>>> print(open('input.cif').read())   # mmCIF, C-alpha atoms
data_upload
loop_
_atom_site.group_PDB
_atom_site.id
_atom_site.type_symbol
_atom_site.label_atom_id
_atom_site.label_comp_id
_atom_site.auth_asym_id
_atom_site.auth_seq_id
_atom_site.Cartn_x
_atom_site.Cartn_y
_atom_site.Cartn_z
ATOM 1 C CA MET A 90 20.947 10.158 7.491
ATOM 2 C CA THR A 91 20.165 10.538 3.795
ATOM 3 C CA PRO A 92 23.106 9.637 1.554
ATOM 4 C CA SER A 93 24.516 12.612 -0.354
ATOM 5 C CA SER A 94 23.984 10.851 -3.702
ATOM 6 C CA LEU A 95 20.278 10.515 -2.962
ATOM 7 C CA ARG A 96 20.048 14.228 -2.095
ATOM 8 C CA THR A 97 21.980 15.009 -5.299
ATOM 9 C CA ILE A 98 19.565 12.960 -7.423
ATOM 10 C CA HIS A 99 16.550 14.677 -5.852
ATOM 11 C CA ASP A 100 18.137 18.130 -6.288
ATOM 12 C CA GLU A 101 19.021 17.403 -9.911
ATOM 13 C CA HIS A 102 15.502 16.133 -10.617
ATOM 14 C CA ALA A 103 14.063 19.326 -9.134
ATOM 15 C CA ALA A 104 16.379 21.461 -11.291
ATOM 16 C CA LEU A 105 15.513 19.474 -14.415
ATOM 17 C CA ALA A 106 11.790 19.748 -13.688
ATOM 18 C CA ALA A 107 12.159 23.511 -13.312
ATOM 19 C CA VAL A 108 13.951 23.750 -16.663
ATOM 20 C CA LEU A 109 11.320 21.599 -18.369
ATOM 21 C CA LYS A 110 8.457 23.673 -16.983
ATOM 22 C CA SER A 111 10.288 26.888 -17.894
ATOM 23 C CA LEU A 112 10.716 25.637 -21.463
ATOM 24 C CA GLN A 113 6.978 25.032 -21.682
ATOM 25 C CA LEU A 114 6.043 28.396 -20.211
ATOM 26 C CA LEU A 115 8.466 30.272 -22.429
ATOM 27 C CA GLN A 116 7.317 28.399 -25.538
ATOM 28 C CA GLN A 117 3.688 29.221 -24.735
ATOM 29 C CA ARG A 118 4.570 32.890 -24.348
ATOM 30 C CA GLY A 119 6.480 32.927 -27.624
ATOM 31 C CA PRO A 120 9.221 35.176 -28.958
ATOM 32 C CA GLY A 121 7.339 38.443 -28.456
ATOM 33 C CA ALA A 122 9.220 41.643 -29.214
ATOM 34 C CA ASN A 123 12.663 40.131 -28.592
ATOM 35 C CA PRO A 124 12.992 36.903 -30.582
ATOM 36 C CA GLN A 125 16.784 36.780 -30.189
ATOM 37 C CA ALA A 126 16.555 36.664 -26.392
ATOM 38 C CA PHE A 127 13.706 34.151 -26.595
ATOM 39 C CA PHE A 128 15.542 31.696 -28.845
ATOM 40 C CA ASP A 129 18.791 32.180 -26.910
ATOM 41 C CA ALA A 130 17.023 31.263 -23.660
ATOM 42 C CA MET A 131 15.307 28.250 -25.208
ATOM 43 C CA ARG A 132 18.601 27.019 -26.676
ATOM 44 C CA ALA A 133 20.361 27.481 -23.341
ATOM 45 C CA MET A 134 17.766 25.374 -21.523
ATOM 46 C CA LEU A 135 17.953 22.597 -24.112
ATOM 47 C CA PHE A 136 21.744 22.742 -23.964
ATOM 48 C CA TYR A 137 21.569 22.345 -20.172
ATOM 49 C CA ILE A 138 19.437 19.206 -20.546
ATOM 50 C CA ASP A 139 21.752 17.810 -23.207
ATOM 51 C CA GLU A 140 24.999 18.690 -21.478
ATOM 52 C CA PHE A 141 24.062 17.959 -17.886
ATOM 53 C CA ALA A 142 21.228 15.425 -17.753
ATOM 54 C CA GLU A 143 22.316 13.350 -20.722
ATOM 55 C CA ARG A 144 26.076 13.434 -20.102
ATOM 56 C CA GLN A 145 26.335 13.426 -16.305
ATOM 57 C CA HIS A 146 23.109 12.568 -14.518
ATOM 58 C CA HIS A 147 21.717 9.671 -16.579
ATOM 59 C CA PRO A 148 25.013 7.820 -17.087
ATOM 60 C CA LYS A 149 25.606 7.765 -13.328
ATOM 61 C CA GLU A 150 22.133 6.419 -12.643
ATOM 62 C CA SER A 151 22.551 3.697 -15.273
ATOM 63 C CA GLU A 152 26.116 2.798 -14.328
ATOM 64 C CA TRP A 153 26.093 3.163 -10.555
ATOM 65 C CA LEU A 154 22.564 3.172 -9.120
ATOM 66 C CA PHE A 155 20.433 0.881 -11.267
ATOM 67 C CA PRO A 156 22.722 -2.188 -11.226
ATOM 68 C CA ARG A 157 22.960 -2.106 -7.436
ATOM 69 C CA VAL A 158 19.203 -1.843 -7.006
ATOM 70 C CA ALA A 159 18.600 -4.567 -9.625
ATOM 71 C CA ALA A 160 20.985 -6.925 -7.814
ATOM 72 C CA ARG A 161 19.026 -6.617 -4.571
ATOM 73 C CA CYS A 162 15.453 -6.113 -5.732
ATOM 74 C CA ALA A 163 14.133 -8.306 -8.529
ATOM 75 C CA GLU A 164 10.818 -6.416 -8.461
ATOM 76 C CA ALA A 165 12.601 -3.307 -9.738
ATOM 77 C CA ALA A 166 13.894 -5.029 -12.893
ATOM 78 C CA PHE A 167 11.035 -3.913 -15.162
ATOM 79 C CA ALA A 168 11.290 -0.284 -14.038
ATOM 80 C CA ILE A 169 15.083 -0.314 -14.407
ATOM 81 C CA GLU A 170 14.824 -1.781 -17.897
ATOM 82 C CA ARG A 171 12.387 0.971 -18.883
ATOM 83 C CA LEU A 172 14.511 3.712 -17.316
ATOM 84 C CA ASP A 173 17.687 2.469 -18.998
ATOM 85 C CA HIS A 174 15.820 2.404 -22.308
ATOM 86 C CA ASP A 175 14.721 6.005 -21.674
ATOM 87 C CA HIS A 176 18.337 6.970 -20.988
ATOM 88 C CA GLU A 177 19.478 5.373 -24.239
ATOM 89 C CA GLY A 178 17.090 7.574 -26.246
ATOM 90 C CA GLY A 179 17.469 10.737 -24.207
ATOM 91 C CA GLU A 180 20.267 12.356 -26.155
ATOM 92 C CA ALA A 181 18.504 11.831 -29.494
ATOM 93 C CA ALA A 182 15.247 13.226 -28.078
ATOM 94 C CA VAL A 183 16.798 16.461 -26.828
ATOM 95 C CA ARG A 184 18.770 16.849 -30.057
ATOM 96 C CA GLU A 185 15.512 16.531 -32.002
ATOM 97 C CA LEU A 186 14.045 19.354 -29.891
ATOM 98 C CA GLN A 187 17.130 21.473 -30.585
ATOM 99 C CA HIS A 188 16.656 20.853 -34.306
ATOM 100 C CA LEU A 189 12.952 21.714 -34.191
ATOM 101 C CA LEU A 190 13.694 24.900 -32.260
ATOM 102 C CA LEU A 191 16.287 25.945 -34.833
ATOM 103 C CA ALA A 192 13.784 25.246 -37.621
ATOM 104 C CA TRP A 193 11.241 27.492 -35.883
ATOM 105 C CA GLU A 194 13.827 30.225 -35.414
ATOM 106 C CA LEU A 195 15.184 30.129 -38.971
ATOM 107 C CA LEU A 196 12.119 29.106 -40.970
ATOM 108 C CA GLY A 197 9.482 30.982 -39.029
ATOM 109 C CA GLU A 198 6.114 30.586 -37.426
ATOM 110 C CA ALA A 199 5.091 27.685 -39.688
ATOM 111 C CA ARG A 200 7.523 25.512 -37.696
ATOM 112 C CA ARG A 201 6.302 26.560 -34.234
ATOM 113 C CA ARG A 202 3.606 23.866 -33.919
ATOM 114 C CA ALA A 203 6.043 21.015 -34.605
ATOM 115 C CA PHE A 204 8.321 22.266 -31.833
ATOM 116 C CA ALA A 205 5.444 22.883 -29.419
ATOM 117 C CA ASP A 206 3.978 19.416 -29.946
ATOM 118 C CA ALA A 207 7.354 17.716 -29.562
ATOM 119 C CA LEU A 208 8.073 19.737 -26.422
ATOM 120 C CA VAL A 209 4.801 18.657 -24.795
ATOM 121 C CA ARG A 210 5.592 15.005 -25.526
ATOM 122 C CA TYR A 211 9.166 15.392 -24.268
ATOM 123 C CA VAL A 212 8.218 17.152 -21.028
ATOM 124 C CA ASP A 213 5.480 14.626 -20.261
ATOM 125 C CA PHE A 214 7.910 11.779 -20.973
ATOM 126 C CA TYR A 215 10.681 13.284 -18.860
ATOM 127 C CA LEU A 216 8.501 14.125 -15.867
ATOM 128 C CA GLU A 217 7.104 10.572 -15.918
ATOM 129 C CA HIS A 218 10.653 9.217 -16.158
ATOM 130 C CA MET A 219 11.714 11.102 -13.034
ATOM 131 C CA ARG A 220 8.491 10.126 -11.230
ATOM 132 C CA LEU A 221 9.223 6.448 -11.903
ATOM 133 C CA GLU A 222 12.779 6.804 -10.604
ATOM 134 C CA GLU A 223 11.571 8.546 -7.468
ATOM 135 C CA THR A 224 8.730 6.136 -6.714
ATOM 136 C CA ALA A 225 10.107 2.781 -7.871
ATOM 137 C CA ILE A 226 13.902 2.984 -7.671
ATOM 138 C CA LEU A 227 14.978 5.460 -5.010
ATOM 139 C CA PRO A 228 12.817 3.956 -2.235
ATOM 140 C CA GLU A 229 14.195 0.499 -3.077
ATOM 141 C CA ALA A 230 17.718 1.906 -3.023
ATOM 142 C CA GLU A 231 17.126 3.357 0.431
ATOM 143 C CA LYS A 232 15.840 0.006 1.709
ATOM 144 C CA SER A 233 18.319 -2.355 0.117
ATOM 145 C CA LEU A 234 21.680 -0.674 -0.434
ATOM 146 C CA ASP A 235 24.383 -0.918 2.203
ATOM 147 C CA ALA A 236 26.989 1.544 3.467
ATOM 148 C CA ASN A 237 29.563 0.461 0.880
ATOM 149 C CA ASP A 238 27.064 0.984 -1.947
ATOM 150 C CA TRP A 239 26.232 4.463 -0.702
ATOM 151 C CA LYS A 240 29.907 5.329 -0.299
ATOM 152 C CA GLU A 241 30.533 4.468 -3.967
ATOM 153 C CA LEU A 242 27.345 6.192 -5.151
ATOM 154 C CA ASP A 243 28.134 9.297 -3.113
ATOM 155 C CA ALA A 244 31.615 9.474 -4.659
ATOM 156 C CA ALA A 245 30.241 9.022 -8.188
ATOM 157 C CA PHE A 246 27.493 11.634 -7.889
ATOM 158 C CA ALA A 247 29.792 14.083 -6.089
ATOM 159 C CA THR A 248 31.591 14.647 -9.399
ATOM 160 C CA ASN A 249 28.454 16.065 -11.081
ATOM 161 C CA CYS A 250 28.836 19.724 -11.950
ATOM 162 C CA ASP A 251 25.367 21.232 -12.074
ATOM 163 C CA PRO A 252 25.145 25.014 -12.166
ATOM 164 C CA LEU A 253 21.431 24.949 -11.283
ATOM 165 C CA THR A 254 21.894 23.059 -8.012
ATOM 166 C CA GLY A 255 24.984 25.049 -7.111
ATOM 167 C CA LYS A 256 27.209 21.961 -7.123
ATOM 168 C CA TYR A 257 30.385 22.456 -9.104
#
>>> encode(input="input.cif", output="structure tokens")
Amino acid sequence: MTPSSLRTIHDEHAALAAVLKSLQLLQQRGPGANPQAFFDAMRAMLFYIDEFAERQHHPKESEWLFPRVAARCAEAAFAIERLDHDHEGGEAAVRELQHLLLAWELLGEARRRAFADALVRYVDFYLEHMRLEETAILPEAEKSLDANDWKELDAAFATNCDPLTGKY
């Protein structure tokens, strides 16, 4: 049986990937005839990433999951080090996107390219980050963690409140 924390991580990754892809699609479409709704939607998606991924999801991975995997699988150390480093810079990266979006909204079309370029880099980075977790860390967790580990991980991840996965 798959531990609930593992299902939660997969569900949260799927929700985050959907938000990231939606950000890209919306940015490519542009503000159109209703710029207020456009910028509101973009801000809401960036807020979701900042509020949920950076404040709930990543800290639990770094605090609860990664140390347990690292203790049992030395081969995962490089990936864990990289992922923890990604987590450390995540909040600043999403805040930079929020700033660039606000500049586009308030200062006009001349600021669109800076936001678009930063968004492409951010989405590529984030999707690769989740791919690494799902291919290098989660399979090792499934192989090496014991029932007590999963009990603690399940309890930790059960407290996540993610409106996109329906878990409050």
>>> residues_around(input="input.cif", residues="A:Val158", least_positions_apart="6", cutoff="8 Å", atoms="all atoms listed in the file", output="VMD selection string")
chain A and resid 165 226 229 to 230 233 to 234
>>> residues_around(input="input.cif", residues="stretch 91-107 of chain A", least_positions_apart="6", cutoff="7 Å", atoms="all atoms listed in the file", output="list in words")
Leu216, Met219, Trp239, Leu242, Asp243, Phe246, Leu253 and Thr254 of chain A
>>> resolve_selection(input="input.cif", expression="the PyMOL selection byres ((chain A and resi 172) around 10)", output="number ranges by chain")
A: 147, 150-151, 155, 166-171, 173-177, 218-219, 221-222, 226
>>> residues_around(input="input.cif", residues="A:Pro120", least_positions_apart="2", cutoff="12 Å", atoms="only C-alpha atoms", output="list in words")
Leu114, Leu115, Gln116, Gln117, Arg118, Ala122, Asn123, Pro124, Gln125, Ala126, Phe127, Phe128, Asp129, Ala130, Met131, Leu190, Trp193, Glu194, Gly197, Glu198 and Arg201 of chain A
>>> write_last_selection(input="input.cif", atoms="C-alpha atoms", output="tab-separated table (two decimals), in the coordinates of the input")
chain	number	residue	atom	x	y	z
A	114	LEU	CA	6.04	28.40	-20.21
A	115	LEU	CA	8.47	30.27	-22.43
A	116	GLN	CA	7.32	28.40	-25.54
A	117	GLN	CA	3.69	29.22	-24.74
A	118	ARG	CA	4.57	32.89	-24.35
A	122	ALA	CA	9.22	41.64	-29.21
A	123	ASN	CA	12.66	40.13	-28.59
A	124	PRO	CA	12.99	36.90	-30.58
A	125	GLN	CA	16.78	36.78	-30.19
A	126	ALA	CA	16.56	36.66	-26.39
A	127	PHE	CA	13.71	34.15	-26.60
A	128	PHE	CA	15.54	31.70	-28.84
A	129	ASP	CA	18.79	32.18	-26.91
A	130	ALA	CA	17.02	31.26	-23.66
A	131	MET	CA	15.31	28.25	-25.21
A	190	LEU	CA	13.69	24.90	-32.26
A	193	TRP	CA	11.24	27.49	-35.88
A	194	GLU	CA	13.83	30.22	-35.41
A	197	GLY	CA	9.48	30.98	-39.03
A	198	GLU	CA	6.11	30.59	-37.43
A	201	ARG	CA	6.30	26.56	-34.23
>>> residues_near_point(input="input.cif", point="(14.9, 23.9, -22.8)", cutoff="9 Å", atoms="all atoms listed in the file", output="list in words")
Val108, Leu109, Lys110, Ser111, Leu112, Gln113, Ala130, Met131, Arg132, Ala133, Met134, Leu135, Phe136, Tyr137, Ile138, Val183, Leu186, Gln187 and Leu208 of chain A
>>> closest_residue(input="input.cif", among="A:Cys250, A:Arg161, A:Gly179, A:Glu140", to="A:Asp235", atoms="only C-alpha atoms")
A:Arg161
>>> closest_residue(input="input.cif", among="A:Arg200, A:Arg184, A:Arg144, A:Lys149", to="A:Ala247", atoms="all atoms listed in the file")
A:Lys149
>>> closest_residue(input="input.cif", among="A:Met90, A:Cys162, A:Gly119, A:Glu241", to="A:Ala225", atoms="all atoms listed in the file")
A:Cys162
>>> decode(input="input.cif", residues="stretch 135-180 of chain A", atoms="N, CA and C atoms", output="CSV table (one decimal), in the first residue's frame")
chain,number,residue,atom,x,y,z
A,135,LEU,N,0.9,32.8,-8.7
A,135,LEU,CA,2.2,33.0,-8.1
A,135,LEU,C,2.1,33.0,-6.6
A,136,PHE,N,1.0,33.6,-6.1
A,136,PHE,CA,0.8,33.6,-4.6
A,136,PHE,C,0.6,32.1,-4.2
A,137,TYR,N,-0.1,31.3,-4.9
A,137,TYR,CA,-0.3,29.9,-4.6
A,137,TYR,C,1.1,29.2,-4.4
A,138,ILE,N,2.0,29.4,-5.4
A,138,ILE,CA,3.3,28.8,-5.4
A,138,ILE,C,4.1,29.3,-4.1
A,139,ASP,N,4.0,30.6,-3.9
A,139,ASP,CA,4.7,31.2,-2.8
A,139,ASP,C,4.1,30.7,-1.4
A,140,GLU,N,2.9,30.7,-1.3
A,140,GLU,CA,2.2,30.4,0.0
A,140,GLU,C,2.2,28.9,0.2
A,141,PHE,N,1.9,28.1,-0.8
A,141,PHE,CA,1.8,26.7,-0.6
A,141,PHE,C,3.1,25.9,-0.8
A,142,ALA,N,3.7,26.0,-2.0
A,142,ALA,CA,4.9,25.2,-2.2
A,142,ALA,C,6.1,25.6,-1.3
A,143,GLU,N,6.3,26.9,-1.2
A,143,GLU,CA,7.4,27.4,-0.5
A,143,GLU,C,7.3,27.4,1.0
A,144,ARG,N,6.0,27.4,1.5
A,144,ARG,CA,5.8,27.5,3.0
A,144,ARG,C,5.3,26.2,3.6
A,145,GLN,N,4.8,25.3,2.7
A,145,GLN,CA,4.3,24.0,3.3
A,145,GLN,C,5.0,22.8,2.7
A,146,HIS,N,5.0,22.7,1.3
A,146,HIS,CA,5.5,21.5,0.7
A,146,HIS,C,7.0,21.4,0.8
A,147,HIS,N,7.8,22.4,0.4
A,147,HIS,CA,9.2,22.2,0.4
A,147,HIS,C,9.8,22.1,1.8
A,148,PRO,N,9.3,22.8,2.8
A,148,PRO,CA,9.9,22.6,4.2
A,148,PRO,C,9.7,21.2,4.7
A,149,LYS,N,8.6,20.6,4.3
A,149,LYS,CA,8.3,19.2,4.8
A,149,LYS,C,9.2,18.2,4.1
A,150,GLU,N,9.5,18.4,2.8
A,150,GLU,CA,10.4,17.5,2.1
A,150,GLU,C,11.8,17.7,2.7
A,151,SER,N,12.3,18.9,2.9
A,151,SER,CA,13.6,19.1,3.5
A,151,SER,C,13.8,18.7,4.9
A,152,GLU,N,12.7,18.8,5.7
A,152,GLU,CA,12.8,18.5,7.1
A,152,GLU,C,12.5,17.0,7.4
A,153,TRP,N,11.5,16.5,6.7
A,153,TRP,CA,11.1,15.1,7.0
A,153,TRP,C,11.5,14.0,6.1
A,154,LEU,N,11.4,14.3,4.8
A,154,LEU,CA,11.7,13.2,3.8
A,154,LEU,C,13.2,13.1,3.5
A,155,PHE,N,13.9,14.2,3.1
A,155,PHE,CA,15.2,14.1,2.6
A,155,PHE,C,16.2,13.5,3.7
A,156,PRO,N,16.1,14.0,4.9
A,156,PRO,CA,17.1,13.4,5.9
A,156,PRO,C,16.9,11.9,6.1
A,157,ARG,N,15.7,11.4,6.0
A,157,ARG,CA,15.5,9.9,6.2
A,157,ARG,C,16.1,9.2,5.0
A,158,VAL,N,15.9,9.7,3.8
A,158,VAL,CA,16.4,9.0,2.6
A,158,VAL,C,17.9,9.1,2.6
A,159,ALA,N,18.5,10.3,3.0
A,159,ALA,CA,19.9,10.4,3.0
A,159,ALA,C,20.6,9.5,4.0
A,160,ALA,N,19.9,9.2,5.1
A,160,ALA,CA,20.5,8.3,6.2
A,160,ALA,C,20.5,6.9,5.7
A,161,ARG,N,19.7,6.5,4.7
A,161,ARG,CA,19.6,5.1,4.3
A,161,ARG,C,20.2,4.9,2.9
A,162,CYS,N,20.5,5.9,2.2
A,162,CYS,CA,20.9,5.8,0.8
A,162,CYS,C,21.9,6.8,0.4
A,163,ALA,N,23.2,6.5,0.6
A,163,ALA,CA,24.3,7.4,0.3
A,163,ALA,C,24.3,7.9,-1.1
A,164,GLU,N,23.8,7.1,-2.1
A,164,GLU,CA,23.7,7.5,-3.5
A,164,GLU,C,22.8,8.7,-3.7
A,165,ALA,N,21.9,8.9,-2.8
A,165,ALA,CA,20.9,10.0,-3.0
A,165,ALA,C,21.5,11.3,-2.5
A,166,ALA,N,22.6,11.3,-1.9
A,166,ALA,CA,23.2,12.5,-1.2
A,166,ALA,C,23.3,13.7,-2.2
A,167,PHE,N,23.9,13.5,-3.4
A,167,PHE,CA,24.0,14.6,-4.3
A,167,PHE,C,22.7,15.2,-4.8
A,168,ALA,N,21.7,14.3,-5.1
A,168,ALA,CA,20.4,14.8,-5.5
A,168,ALA,C,19.8,15.6,-4.3
A,169,ILE,N,19.9,15.1,-3.1
A,169,ILE,CA,19.3,15.8,-1.9
A,169,ILE,C,19.9,17.1,-1.7
A,170,GLU,N,21.3,17.2,-1.8
A,170,GLU,CA,21.9,18.4,-1.7
A,170,GLU,C,21.4,19.5,-2.7
A,171,ARG,N,21.3,19.0,-3.9
A,171,ARG,CA,20.8,19.9,-5.0
A,171,ARG,C,19.3,20.3,-4.7
A,172,LEU,N,18.5,19.4,-4.3
A,172,LEU,CA,17.1,19.7,-4.0
A,172,LEU,C,17.0,20.7,-2.9
A,173,ASP,N,17.7,20.5,-1.8
A,173,ASP,CA,17.7,21.4,-0.7
A,173,ASP,C,18.2,22.8,-1.1
A,174,HIS,N,19.2,22.8,-1.9
A,174,HIS,CA,19.7,24.1,-2.4
A,174,HIS,C,18.6,24.8,-3.2
A,175,ASP,N,17.9,24.0,-4.1
A,175,ASP,CA,16.7,24.6,-4.8
A,175,ASP,C,15.7,25.2,-3.8
A,176,HIS,N,15.4,24.4,-2.8
A,176,HIS,CA,14.4,24.9,-1.8
A,176,HIS,C,14.8,26.2,-1.1
A,177,GLU,N,16.1,26.3,-0.8
A,177,GLU,CA,16.6,27.5,-0.2
A,177,GLU,C,16.4,28.7,-1.1
A,178,GLY,N,16.4,28.6,-2.4
A,178,GLY,CA,16.3,29.7,-3.3
A,178,GLY,C,14.9,29.9,-3.8
A,179,GLY,N,14.0,29.0,-3.5
A,179,GLY,CA,12.7,29.0,-4.1
A,179,GLY,C,11.8,30.2,-3.8
A,180,GLU,N,11.8,30.6,-2.5
A,180,GLU,CA,11.0,31.8,-2.1
A,180,GLU,C,11.5,33.1,-2.9
